[in-house]
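Raw start35.cif, mmCIF, C-alpha atoms and all ligand atoms:
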data_my_file
loop_
_atom_site.label_atom_id
_atom_site.label_comp_id
_atom_site.auth_asym_id
_atom_site.auth_seq_id
_atom_site.Cartn_x
_atom_site.Cartn_y
_atom_site.Cartn_z
CA MET A 498 0.00 0.00 0.00
CA SER A 499 1.40 3.42 -0.90
CA GLN A 500 2.02 5.82 1.99
CA ALA A 501 -0.53 8.54 2.67
CA LYS A 502 0.50 12.01 1.54
CA THR A 503 0.70 14.69 4.22
CA VAL A 504 -0.79 18.16 3.93
CA PHE A 505 0.09 21.13 6.17
CA LEU A 506 -3.01 23.33 6.56
CA THR A 507 -2.84 26.77 8.20
CA GLY A 508 -5.88 28.22 9.98
CA ALA A 509 -7.34 24.75 10.46
CA SER A 510 -10.11 25.94 12.81
CA GLY A 511 -11.69 28.12 10.09
CA PHE A 512 -15.01 27.64 8.32
CA ILE A 513 -13.42 26.75 4.96
CA ALA A 514 -10.47 24.86 6.47
CA LEU A 515 -12.68 22.40 8.36
CA HIS A 516 -14.31 21.44 5.05
CA ILE A 517 -10.87 21.13 3.45
CA THR A 518 -9.76 18.82 6.27
CA ASN A 519 -12.85 16.69 5.83
CA GLN A 520 -12.30 16.31 2.08
CA LEU A 521 -8.58 15.61 2.56
CA LEU A 522 -9.27 12.89 5.15
CA SER A 523 -11.95 11.34 2.97
CA ARG A 524 -9.46 11.16 0.07
CA GLY A 525 -6.84 9.41 2.22
CA TYR A 526 -4.48 12.29 3.03
CA HIS A 527 -2.94 12.91 6.42
CA VAL A 528 -3.36 16.45 7.72
CA ILE A 529 -1.25 18.60 10.05
CA GLY A 530 -3.23 21.72 10.89
CA THR A 531 -2.20 24.93 12.60
CA VAL A 532 -4.52 26.39 15.24
CA ARG A 533 -4.09 29.13 17.80
CA SER A 534 -4.73 27.03 20.90
CA GLN A 535 -4.73 23.45 22.13
CA SER A 536 -8.43 23.66 23.01
CA LYS A 537 -9.25 24.36 19.34
CA ALA A 538 -7.17 21.34 18.32
CA ASP A 539 -8.92 19.10 20.85
CA ASN A 540 -12.34 20.26 19.73
CA ILE A 541 -11.59 19.57 16.05
CA ILE A 542 -10.27 16.09 16.82
CA ASN A 543 -13.35 15.27 18.89
CA ASN A 544 -15.68 16.40 16.11
CA PHE A 545 -13.87 14.45 13.38
CA LYS A 546 -13.84 11.29 15.53
CA ALA A 547 -17.57 10.94 14.81
CA ILE A 548 -16.79 10.64 11.07
CA TYR A 549 -13.34 8.99 11.17
CA PRO A 550 -12.97 6.92 14.36
CA ASP A 551 -9.21 6.51 13.73
CA VAL A 552 -8.69 10.21 13.03
CA GLU A 553 -5.94 10.63 15.63
CA SER A 554 -3.57 8.65 13.41
CA LYS A 555 -4.27 10.97 10.46
CA LEU A 556 -4.89 14.43 11.86
CA SER A 557 -2.62 16.35 14.23
CA PHE A 558 -1.97 19.97 15.10
CA GLU A 559 0.76 22.50 15.66
CA ILE A 560 0.01 25.64 17.66
CA VAL A 561 0.67 28.87 15.74
CA PRO A 562 -0.77 31.76 17.77
CA ASP A 563 -0.03 34.49 15.23
CA ILE A 564 0.85 34.05 11.57
CA SER A 565 2.33 37.60 11.55
CA GLU A 566 5.33 36.45 13.61
CA PRO A 567 8.28 36.04 11.19
CA THR A 568 9.17 32.59 12.58
CA ALA A 569 5.52 31.49 13.04
CA PHE A 570 5.78 28.34 10.92
CA ASP A 571 9.46 27.44 11.25
CA SER A 572 9.41 24.86 14.02
CA ALA A 573 6.23 23.18 12.73
CA LEU A 574 7.72 22.64 9.29
CA GLN A 575 11.08 21.52 10.71
CA ALA A 576 9.31 18.95 12.88
CA HIS A 577 7.50 17.32 9.95
CA PRO A 578 9.73 16.32 7.04
CA GLU A 579 6.81 14.18 5.80
CA ILE A 580 4.87 17.26 4.65
CA GLN A 581 4.44 17.23 0.88
CA PHE A 582 1.78 19.90 0.33
CA VAL A 583 0.93 23.21 2.04
CA LEU A 584 -2.47 24.94 2.07
CA HIS A 585 -2.43 28.46 3.51
CA THR A 586 -5.94 29.55 4.52
CA ALA A 587 -5.23 31.52 7.72
CA SER A 588 -5.99 35.23 7.43
CA PRO A 589 -8.15 37.58 9.49
CA PHE A 590 -11.72 37.66 8.18
CA SER A 591 -13.85 39.11 10.94
CA PHE A 592 -14.77 42.69 11.62
CA GLY A 593 -14.90 44.81 14.79
CA LEU A 594 -11.40 43.65 15.80
CA ASP A 595 -10.61 46.86 17.66
CA LYS A 596 -7.17 46.99 16.06
CA GLY A 597 -5.61 49.32 13.52
CA LEU A 598 -6.07 48.44 9.84
CA ASP A 599 -2.44 47.39 9.43
CA GLU A 600 -2.26 45.36 12.60
CA GLY A 601 -5.73 43.84 12.17
CA TYR A 602 -5.70 42.95 8.47
CA LEU A 603 -2.87 44.07 6.22
CA ILE A 604 0.07 42.77 8.26
CA PRO A 605 -1.32 39.31 9.14
CA ALA A 606 -2.48 38.74 5.55
CA THR A 607 0.70 39.85 3.76
CA GLN A 608 3.26 38.95 6.42
CA GLY A 609 1.51 35.63 7.14
CA THR A 610 1.76 34.72 3.44
CA LYS A 611 5.41 35.75 3.27
CA ASN A 612 6.18 33.81 6.47
CA ILE A 613 4.69 30.53 5.31
CA LEU A 614 6.32 30.70 1.86
CA THR A 615 9.71 31.65 3.32
CA ALA A 616 9.49 28.83 5.87
CA VAL A 617 8.53 26.28 3.19
CA LYS A 618 11.46 27.31 1.02
CA LYS A 619 13.89 27.19 3.94
CA TYR A 620 12.70 24.24 6.01
CA ALA A 621 10.53 22.13 3.73
CA PRO A 622 12.16 22.04 0.29
CA GLN A 623 10.45 18.67 -0.29
CA VAL A 624 7.06 20.44 -0.64
CA THR A 625 5.85 20.25 -4.24
CA ASN A 626 2.68 22.39 -4.12
CA VAL A 627 1.42 25.35 -2.14
CA VAL A 628 -2.17 26.58 -2.41
CA VAL A 629 -2.96 30.03 -0.99
CA THR A 630 -6.55 31.02 -0.20
CA SER A 631 -6.89 34.38 -1.82
CA SER A 632 -10.27 35.98 -2.52
CA PHE A 633 -12.51 37.54 -5.13
CA ALA A 634 -11.41 40.67 -3.25
CA SER A 635 -8.18 40.45 -5.22
CA ILE A 636 -10.09 40.24 -8.51
CA MET A 637 -13.04 42.58 -8.20
CA ASN A 638 -13.25 46.04 -9.64
CA PHE A 639 -15.74 48.12 -7.62
CA ALA A 640 -16.16 50.58 -10.46
CA ALA A 641 -17.59 47.79 -12.65
CA HIS A 642 -20.77 47.28 -10.60
CA GLY A 643 -23.65 47.13 -13.07
CA ASP A 644 -21.30 47.15 -16.08
CA SER A 645 -22.02 44.01 -18.10
CA SER A 646 -19.16 44.82 -20.48
CA PHE A 647 -16.60 44.36 -17.64
CA VAL A 648 -16.23 40.62 -17.09
CA HIS A 649 -14.14 39.44 -14.12
CA THR A 650 -12.04 36.36 -14.88
CA GLU A 651 -8.98 34.53 -13.55
CA GLU A 652 -6.86 37.28 -15.11
CA THR A 653 -8.55 40.29 -13.48
CA TRP A 654 -6.87 42.19 -10.63
CA ASN A 655 -8.51 44.62 -8.20
CA PRO A 656 -6.92 48.03 -8.92
CA MET A 657 -7.09 49.13 -5.23
CA GLU A 658 -3.83 49.74 -3.35
CA ARG A 659 -2.83 50.21 0.31
CA GLU A 660 -3.85 53.90 0.33
CA HIS A 661 -7.46 52.95 -0.49
CA ALA A 662 -7.84 51.12 2.85
CA THR A 663 -9.99 53.51 4.88
CA ASP A 664 -12.06 51.14 7.04
CA GLU A 665 -12.09 47.49 8.09
CA ILE A 666 -13.87 46.27 4.97
CA THR A 667 -11.58 48.00 2.48
CA ALA A 668 -8.59 46.97 4.62
CA TYR A 669 -9.71 43.32 4.42
CA ILE A 670 -10.24 43.55 0.66
CA ILE A 671 -6.85 45.13 0.04
CA SER A 672 -5.16 42.75 2.50
CA LYS A 673 -6.26 39.83 0.34
CA LYS A 674 -5.11 41.43 -2.90
CA LEU A 675 -1.71 42.39 -1.48
CA ALA A 676 -1.27 38.94 0.11
CA GLU A 677 -1.91 37.23 -3.22
CA LYS A 678 0.57 39.58 -4.88
CA VAL A 679 3.13 38.68 -2.19
CA ALA A 680 2.65 35.00 -3.06
CA TRP A 681 3.08 35.38 -6.83
CA GLU A 682 6.05 37.74 -6.40
CA PHE A 683 7.69 35.29 -3.98
CA VAL A 684 7.55 32.55 -6.58
CA GLU A 685 8.84 34.89 -9.27
CA THR A 686 11.82 36.21 -7.31
CA GLU A 687 12.70 33.36 -4.92
CA LYS A 688 12.18 30.49 -7.38
CA PRO A 689 11.28 27.91 -4.72
CA ASN A 690 10.91 24.18 -5.42
CA PHE A 691 7.12 24.29 -5.02
CA LYS A 692 4.42 25.27 -7.52
CA LEU A 693 1.85 27.86 -6.44
CA THR A 694 -1.92 27.91 -7.03
CA THR A 695 -4.32 30.48 -5.60
CA VAL A 696 -8.06 30.17 -4.99
CA THR A 697 -10.13 33.35 -5.29
CA PRO A 698 -13.62 32.73 -3.87
CA PRO A 699 -16.32 35.37 -3.53
CA TYR A 700 -18.68 35.14 -0.49
CA VAL A 701 -18.35 31.54 0.72
CA LEU A 702 -21.70 30.20 1.90
CA GLY A 703 -22.86 26.79 3.09
CA PRO A 704 -23.27 24.61 6.12
CA GLN A 705 -20.75 24.54 8.93
CA MET A 706 -18.65 21.39 8.93
CA PHE A 707 -19.83 20.75 12.50
CA GLU A 708 -23.03 21.94 14.08
CA ASP A 709 -21.28 23.05 17.24
CA SER A 710 -19.99 26.12 15.35
CA LEU A 711 -23.62 27.28 15.47
CA ALA A 712 -23.30 27.75 19.23
CA ASN A 713 -21.44 30.99 18.46
CA LYS A 714 -23.70 34.04 18.57
CA THR A 715 -22.60 35.00 15.07
CA LEU A 716 -20.99 32.74 12.50
CA ASN A 717 -17.91 33.48 10.44
CA THR A 718 -18.46 36.59 8.32
CA SER A 719 -19.85 34.99 5.15
CA ALA A 720 -21.98 32.20 6.67
CA GLU A 721 -23.57 34.81 8.93
CA ILE A 722 -25.29 36.30 5.85
CA VAL A 723 -27.73 33.37 5.70
CA ASN A 724 -27.97 33.00 9.48
CA SER A 725 -28.88 36.66 10.07
CA LEU A 726 -31.72 36.56 7.51
CA LEU A 727 -33.48 34.02 9.73
CA SER A 728 -33.87 36.80 12.32
CA LEU A 729 -35.71 39.14 9.94
CA PRO A 730 -38.87 40.38 11.72
CA ALA A 731 -42.02 38.62 10.48
CA ASP A 732 -43.59 41.86 9.23
CA TYR A 733 -40.52 43.03 7.26
CA SER A 734 -41.77 43.95 3.79
CA GLU A 735 -38.98 45.88 2.05
CA GLN A 736 -36.59 44.31 -0.43
CA VAL A 737 -33.38 43.18 1.33
CA LYS A 738 -30.79 44.69 -1.00
CA GLU A 739 -27.71 44.08 1.19
CA PRO A 740 -25.36 42.48 0.75
CA LEU A 741 -25.03 42.61 -3.03
CA GLY A 742 -22.46 40.05 -3.99
CA THR A 743 -21.36 36.88 -5.69
CA SER A 744 -21.26 33.55 -3.90
CA VAL A 745 -19.84 30.04 -3.92
CA ASP A 746 -20.47 26.91 -1.87
CA VAL A 747 -17.87 26.12 0.80
CA ARG A 748 -17.65 22.51 -0.43
CA ASP A 749 -16.59 23.67 -3.91
CA VAL A 750 -14.02 26.01 -2.35
CA ALA A 751 -12.59 23.12 -0.30
CA LEU A 752 -12.32 20.96 -3.42
CA LEU A 753 -10.46 23.70 -5.30
CA HIS A 754 -7.75 23.60 -2.62
CA ILE A 755 -7.21 19.87 -3.10
CA LEU A 756 -7.33 19.48 -6.89
CA PRO A 757 -3.98 21.28 -7.40
CA LEU A 758 -2.33 18.57 -5.27
CA GLU A 759 -3.57 15.97 -7.76
CA ASN A 760 -3.58 17.76 -11.10
CA PRO A 761 -0.25 19.25 -12.27
CA GLN A 762 -2.10 21.41 -14.82
CA LEU A 763 -3.41 23.58 -11.98
CA ALA A 764 0.07 24.73 -10.98
CA GLY A 765 0.60 28.43 -11.56
CA GLN A 766 -3.15 29.09 -11.89
CA ARG A 767 -5.65 31.30 -10.11
CA LEU A 768 -8.81 29.22 -9.53
CA PHE A 769 -11.94 31.35 -9.55
CA PRO A 770 -15.34 29.90 -8.55
CA THR A 771 -18.74 31.63 -8.54
CA GLN A 772 -22.25 30.25 -8.35
CA ALA A 773 -24.50 33.33 -8.61
CA ASN A 774 -24.94 37.02 -8.06
CA PHE A 775 -27.26 37.57 -5.11
CA ILE A 776 -28.75 40.11 -2.79
CA GLY A 777 -30.10 39.30 0.67
CA GLN A 778 -33.55 39.03 -0.89
CA SER A 779 -32.46 36.28 -3.33
CA ILE A 780 -31.42 34.17 -0.35
CA LEU A 781 -34.60 35.04 1.52
CA ASN A 782 -36.67 33.89 -1.47
CA ILE A 783 -34.90 30.51 -1.45
CA ILE A 784 -35.45 30.20 2.31
CA HIS A 785 -39.20 30.73 1.95
CA LYS A 786 -39.48 28.40 -1.05
CA GLU A 787 -37.63 25.57 0.71
CA PHE A 788 -38.92 26.05 4.26
CA PRO A 789 -42.66 26.87 4.21
CA GLU A 790 -42.73 26.27 7.96
CA LEU A 791 -40.96 29.64 8.39
CA ASP A 792 -44.02 31.43 6.98
CA GLY A 793 -45.18 33.97 9.55
CA LYS A 794 -41.94 33.60 11.55
CA VAL A 795 -39.36 35.11 9.20
CA GLY A 796 -40.09 38.23 7.12
CA LYS A 797 -40.59 37.79 3.37
CA GLY A 798 -39.20 41.18 2.34
CA GLN A 799 -40.15 42.11 -1.20
CA PRO A 800 -39.57 38.96 -3.29
CA GLU A 801 -40.22 40.30 -6.80
CA GLY A 802 -37.28 41.25 -8.99
CA ALA A 803 -34.49 40.20 -6.61
CA GLU A 804 -32.57 37.99 -9.04
CA GLU A 805 -32.85 40.53 -11.87
CA TYR A 806 -31.55 43.29 -9.56
CA ALA A 807 -28.62 41.16 -8.36
CA VAL A 808 -27.54 40.40 -11.92
CA LYS A 809 -28.03 43.96 -13.16
CA ALA A 810 -26.40 45.81 -10.26
CA GLY A 811 -23.67 43.26 -9.47
CA LEU A 812 -20.28 42.40 -10.93
CA HIS A 813 -20.12 40.21 -14.01
CA CYS A 814 -17.96 37.10 -13.82
CA ASP A 815 -16.84 34.29 -16.08
CA THR A 816 -15.35 31.25 -14.34
CA SER A 817 -15.43 28.92 -17.34
CA LYS A 818 -11.62 28.58 -17.48
CA THR A 819 -11.52 27.26 -13.91
CA LEU A 820 -14.35 24.82 -14.63
CA GLN A 821 -12.60 23.60 -17.74
CA ARG A 822 -9.15 23.32 -16.12
CA THR A 823 -10.41 21.50 -13.02
CA GLY A 824 -12.93 19.28 -14.80
CA ILE A 825 -15.67 20.40 -12.41
CA LYS A 826 -18.93 20.19 -14.39
CA ALA A 827 -20.85 22.94 -12.58
CA TRP A 828 -20.64 24.88 -9.33
CA ILE A 829 -23.02 23.75 -6.57
CA PRO A 830 -26.11 25.99 -7.03
CA LEU A 831 -27.05 28.70 -4.53
CA GLU A 832 -30.37 26.93 -3.84
CA THR A 833 -28.55 23.83 -2.55
CA THR A 834 -26.14 25.96 -0.50
CA VAL A 835 -28.91 27.93 1.19
CA LYS A 836 -31.09 24.86 1.71
CA ASP A 837 -28.28 22.91 3.38
CA SER A 838 -27.26 25.87 5.55
CA VAL A 839 -30.76 26.62 6.78
CA ALA A 840 -31.60 22.95 7.36
CA GLN A 841 -28.53 22.71 9.58
CA ILE A 842 -29.39 25.89 11.52
CA LEU A 843 -33.01 24.78 12.07
CA HIS A 844 -31.87 21.34 13.20
CA TYR A 845 -29.43 22.90 15.65
CA LYS A 846 -32.08 25.25 17.04
CA LYS A 847 -34.48 22.33 17.51
CA GLU A 848 -31.83 20.36 19.38
CA HIS A 849 -30.78 23.38 21.47
CA PRO A 850 -33.97 25.28 22.31
CA GLU A 851 -32.17 26.92 25.26
CA GLN A 852 -30.04 28.92 22.76
CA ALA A 853 -32.96 30.20 20.67
P1 LIG B 1 -12.55 31.99 9.39
O1 LIG B 1 -12.54 33.28 10.14
O2 LIG B 1 -13.53 30.96 9.77
O3 LIG B 1 -11.10 31.34 9.39
C1 LIG B 1 -9.93 32.10 9.45
C2 LIG B 1 -8.85 31.24 10.05
O4 LIG B 1 -7.63 31.98 10.10
C3 LIG B 1 -9.14 30.81 11.48
O5 LIG B 1 -8.63 29.53 11.69
C4 LIG B 1 -8.38 31.84 12.30
O6 LIG B 1 -8.05 31.38 13.61
C5 LIG B 1 -7.13 31.98 11.45
N1 LIG B 1 -6.42 33.24 11.70
C6 LIG B 1 -6.86 34.49 11.42
N2 LIG B 1 -5.94 35.39 11.79
C7 LIG B 1 -4.90 34.71 12.32
C8 LIG B 1 -3.66 35.09 12.89
N3 LIG B 1 -3.27 36.36 12.96
N4 LIG B 1 -2.85 34.11 13.35
C9 LIG B 1 -3.22 32.81 13.30
N5 LIG B 1 -4.39 32.40 12.76
C10 LIG B 1 -5.22 33.33 12.27
O7 LIG B 1 -12.75 32.42 7.88
P2 LIG B 1 -12.97 31.60 6.55
O8 LIG B 1 -12.85 30.15 6.74
O9 LIG B 1 -14.18 32.13 5.94
O10 LIG B 1 -11.72 32.13 5.70
C11 LIG B 1 -10.58 31.34 5.44
C12 LIG B 1 -9.79 32.00 4.33
O11 LIG B 1 -10.63 32.18 3.19
C13 LIG B 1 -9.25 33.38 4.69
O12 LIG B 1 -7.98 33.52 4.06
C14 LIG B 1 -10.25 34.33 4.02
O13 LIG B 1 -9.68 35.58 3.70
C15 LIG B 1 -10.56 33.52 2.75
N6 LIG B 1 -11.81 33.88 2.10
C16 LIG B 1 -13.01 33.70 2.75
C17 LIG B 1 -14.18 34.03 2.13
C18 LIG B 1 -15.51 33.84 2.78
O14 LIG B 1 -16.50 34.34 2.27
N7 LIG B 1 -15.59 33.10 3.90
C19 LIG B 1 -14.18 34.61 0.77
C20 LIG B 1 -12.88 34.73 0.18
C21 LIG B 1 -11.74 34.37 0.83
P3 LIG B 1 -9.09 31.61 14.83
O15 LIG B 1 -10.29 30.76 14.50
O16 LIG B 1 -8.37 31.13 16.00
O17 LIG B 1 -9.39 33.07 14.84
#

Written as structure tokens, how would this file's structure read?
Amino acid sequence: MSQAKTVFLTGASGFIALHITNQLLSRGYHVIGTVRSQSKADNIINNFKAIYPDVESKLSFEIVPDISEPTAFDSALQAHPEIQFVLHTASPFSFGLDKGLDEGYLIPATQGTKNILTAVKKYAPQVTNVVVTSSFASIMNFAAHGDSSFVHTEETWNPMEREHATDEITAYIISKKLAEKVAWEFVETEKPNFKLTTVTPPYVLGPQMFEDSLANKTLNTSAEIVNSLLSLPADYSEQVKEPLGTSVDVRDVALLHILPLENPQLAGQRLFPTQANFIGQSILNIIHKEFPELDGKVGKGQPEGAEEYAVKAGLHCDTSKTLQRTGIKAWIPLETTVKDSVAQILHYKKEHPEQA
């Protein structure tokens, strides 16, 4: 039997990373994740035990409290010469941090990316592939909202620079663009042994890997979009126009991190997934179609014209190159994503009435 391949995954406690870990384990990989505390590691192991009873022989953790520290990843990579692949997902993606824009977003995103790539080159020259979780933030052009002649693709770059970061949201957006630039420039100038692929998802929606994440008052930034709509007052009758965005299912995003480890043609590529343009109302319409029991409990807003508005006012995208290169036939549709997310939330609330 051939030996399992080992993947080093940063930010392993995150929404997307837990799905990546699940898909890696199900495909026979071993995973070494980084988390900020031992209690997070213990919790993840306990959750995965329900799916993979022997998970302790396949999944382990290294504690990395802050990816901004220049030597953050050095000892973890030195301790594991078996690591063949590296997935870098860790980056701050929550708002209200009460930190400056550099300290809260720009430094961890850019410095964290530089630190992991530098450590891989120095201490893990056996690594063949690195995948960095970038974002649609590094692709999108704000000025193109509503402009159907401007099509965002794998080749598009957000024109914003550091000086355009004026609040937490723009700082996050620019942090992702600059971090992806750091990664491509590192490969260009340092010429490491590994091949780089980046993944550039828009709003990542979908169920949590484990229901216990729903115990948090608010979910991670993107999943909270669906969760918060379930609190819309029953008599709410205006169209929910915010957020206006483009989405993708978390399970497709997880898969895009793994395919580059198996398909050499994905080396050097930016992988760009999208399922649909949406506004809050588009999601609300799906919720009411799929869950008639919420009638009279959750507001309906103003259902008419939501999809048309989202397409007309949003950014236009073409992800056909990524579909063709990866062999994925179609992105999971928004209806499935919303249905699975809401079903999970309703199930959790039923099981935990004390938290309602
Ligand atoms: P989460 O907030 O759930 O996950 C972020 C992960 O990064 C957590 O494990 C977090 O640890 C860790 N992390 C953040 N800052 C630091 C730090 N300074 N030092 C060490 N660890 C840190 O978010 P997502 O899963 O949604 O995001 C994962 C990646 O995907 C990020 O790079 C994000 O930018 C990117 N992305 C997400 C999108 C989305 O819509 N969700 C869209 C596009 C890109 P802890 O849990 O301990 O805080």

Practice task
Could you tell me, counting all atoms listed in the file, which protein and nucleic acid residues lie no more than 8 Å from ligand LIG 1 (chain B), written as a ChimeraX atom specification?
Solution key: /A:507-515,531-534,537,561-565,585-591,601,605-606,609,629-634,669,673,697-702,717-720,744,747

Hey, can you spit out that residue selection with C-alpha atoms as a PDB file, in the frame of the given file?
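What landed in part.pdb:
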ATOM      1  CA  THR A 507      -2.840  26.770   8.200  1.00  0.00           C
ATOM      2  CA  GLY A 508      -5.880  28.220   9.980  1.00  0.00           C
ATOM      3  CA  ALA A 509      -7.340  24.750  10.460  1.00  0.00           C
ATOM      4  CA  SER A 510     -10.110  25.940  12.810  1.00  0.00           C
ATOM      5  CA  GLY A 511     -11.690  28.120  10.090  1.00  0.00           C
ATOM      6  CA  PHE A 512     -15.010  27.640   8.320  1.00  0.00           C
ATOM      7  CA  ILE A 513     -13.420  26.750   4.960  1.00  0.00           C
ATOM      8  CA  ALA A 514     -10.470  24.860   6.470  1.00  0.00           C
ATOM      9  CA  LEU A 515     -12.680  22.400   8.360  1.00  0.00           C
ATOM     10  CA  THR A 531      -2.200  24.930  12.600  1.00  0.00           C
ATOM     11  CA  VAL A 532      -4.520  26.390  15.240  1.00  0.00           C
ATOM     12  CA  ARG A 533      -4.090  29.130  17.800  1.00  0.00           C
ATOM     13  CA  SER A 534      -4.730  27.030  20.900  1.00  0.00           C
ATOM     14  CA  LYS A 537      -9.250  24.360  19.340  1.00  0.00           C
ATOM     15  CA  VAL A 561       0.670  28.870  15.740  1.00  0.00           C
ATOM     16  CA  PRO A 562      -0.770  31.760  17.770  1.00  0.00           C
ATOM     17  CA  ASP A 563      -0.030  34.490  15.230  1.00  0.00           C
ATOM     18  CA  ILE A 564       0.850  34.050  11.570  1.00  0.00           C
ATOM     19  CA  SER A 565       2.330  37.600  11.550  1.00  0.00           C
ATOM     20  CA  HIS A 585      -2.430  28.460   3.510  1.00  0.00           C
ATOM     21  CA  THR A 586      -5.940  29.550   4.520  1.00  0.00           C
ATOM     22  CA  ALA A 587      -5.230  31.520   7.720  1.00  0.00           C
ATOM     23  CA  SER A 588      -5.990  35.230   7.430  1.00  0.00           C
ATOM     24  CA  PRO A 589      -8.150  37.580   9.490  1.00  0.00           C
ATOM     25  CA  PHE A 590     -11.720  37.660   8.180  1.00  0.00           C
ATOM     26  CA  SER A 591     -13.850  39.110  10.940  1.00  0.00           C
ATOM     27  CA  GLY A 601      -5.730  43.840  12.170  1.00  0.00           C
ATOM     28  CA  PRO A 605      -1.320  39.310   9.140  1.00  0.00           C
ATOM     29  CA  ALA A 606      -2.480  38.740   5.550  1.00  0.00           C
ATOM     30  CA  GLY A 609       1.510  35.630   7.140  1.00  0.00           C
ATOM     31  CA  VAL A 629      -2.960  30.030  -0.990  1.00  0.00           C
ATOM     32  CA  THR A 630      -6.550  31.020  -0.200  1.00  0.00           C
ATOM     33  CA  SER A 631      -6.890  34.380  -1.820  1.00  0.00           C
ATOM     34  CA  SER A 632     -10.270  35.980  -2.520  1.00  0.00           C
ATOM     35  CA  PHE A 633     -12.510  37.540  -5.130  1.00  0.00           C
ATOM     36  CA  ALA A 634     -11.410  40.670  -3.250  1.00  0.00           C
ATOM     37  CA  TYR A 669      -9.710  43.320   4.420  1.00  0.00           C
ATOM     38  CA  LYS A 673      -6.260  39.830   0.340  1.00  0.00           C
ATOM     39  CA  THR A 697     -10.130  33.350  -5.290  1.00  0.00           C
ATOM     40  CA  PRO A 698     -13.620  32.730  -3.870  1.00  0.00           C
ATOM     41  CA  PRO A 699     -16.320  35.370  -3.530  1.00  0.00           C
ATOM     42  CA  TYR A 700     -18.680  35.140  -0.490  1.00  0.00           C
ATOM     43  CA  VAL A 701     -18.350  31.540   0.720  1.00  0.00           C
ATOM     44  CA  LEU A 702     -21.700  30.200   1.900  1.00  0.00           C
ATOM     45  CA  ASN A 717     -17.910  33.480  10.440  1.00  0.00           C
ATOM     46  CA  THR A 718     -18.460  36.590   8.320  1.00  0.00           C
ATOM     47  CA  SER A 719     -19.850  34.990   5.150  1.00  0.00           C
ATOM     48  CA  ALA A 720     -21.980  32.200   6.670  1.00  0.00           C
ATOM     49  CA  SER A 744     -21.260  33.550  -3.900  1.00  0.00           C
ATOM     50  CA  VAL A 747     -17.870  26.120   0.800  1.00  0.00           C
TER      51      VAL A 747
END

Handout entry: Residue contacts of A:Arg748 (8 Å, only C-alpha atoms) excluding same-chain residues fewer than 3 positions away, as a VMD selection string
Key = chain A and resid 516 to 517 703 751 to 752

Practice task
Name the closest residue to A:Lys674 among the candidates A:Arg659, A:Lys611, A:Lys596, A:Lys692; distances are taken between atoms, counting only C-alpha atoms.
Solution key: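 Of A:Arg659, A:Lys611, A:Lys596, A:Lys692, the one nearest A:Lys674, counting only C-alpha atoms, is A:Arg659.
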
Problem - Distance query A:Ser572 at most 12 Å, only C-alpha atoms, self and fewer than 4 positions along chain excluded, as an MDAnalysis selection string - result: chainID A and resid 531 559:561 567:568 576:578 613 616:617 619:621

For the selection you just gave me, I'd like the residues written to a file as a PDB file, in the frame of the given file, keeping C-alpha atoms.
ATOM      1  CA  THR A 531      -2.200  24.930  12.600  1.00  0.00           C
ATOM      2  CA  GLU A 559       0.760  22.500  15.660  1.00  0.00           C
ATOM      3  CA  ILE A 560       0.010  25.640  17.660  1.00  0.00           C
ATOM      4  CA  VAL A 561       0.670  28.870  15.740  1.00  0.00           C
ATOM      5  CA  PRO A 567       8.280  36.040  11.190  1.00  0.00           C
ATOM      6  CA  THR A 568       9.170  32.590  12.580  1.00  0.00           C
ATOM      7  CA  ALA A 576       9.310  18.950  12.880  1.00  0.00           C
ATOM      8  CA  HIS A 577       7.500  17.320   9.950  1.00  0.00           C
ATOM      9  CA  PRO A 578       9.730  16.320   7.040  1.00  0.00           C
ATOM     10  CA  ILE A 613       4.690  30.530   5.310  1.00  0.00           C
ATOM     11  CA  ALA A 616       9.490  28.830   5.870  1.00  0.00           C
ATOM     12  CA  VAL A 617       8.530  26.280   3.190  1.00  0.00           C
ATOM     13  CA  LYS A 619      13.890  27.190   3.940  1.00  0.00           C
ATOM     14  CA  TYR A 620      12.700  24.240   6.010  1.00  0.00           C
ATOM     15  CA  ALA A 621      10.530  22.130   3.730  1.00  0.00           C
TER      16      ALA A 621
END

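Shortest separation to A:Phe639 among A:Ile842, A:Ala712, A:Ala731, A:Ala810 occurs at residue A:Ala810, atoms counted being all atoms listed in the file.
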
Exercise for the section: Could you pull out every residue with an atom within 12 Å of (-25.0, 33.2, 19.4), file coordinates, counting all atoms listed in the file, and send them as a list in words? Expected result: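 Collected hits near the coordinates: Asp709, Ser710, Leu711, Ala712, Asn713, Lys714, Thr715, Leu716, Asn717, Glu721, Asn724, Ser725, Ser728, Ile842, Tyr845, Lys846, His849, Glu851, Gln852 and Ala853 of chain A.
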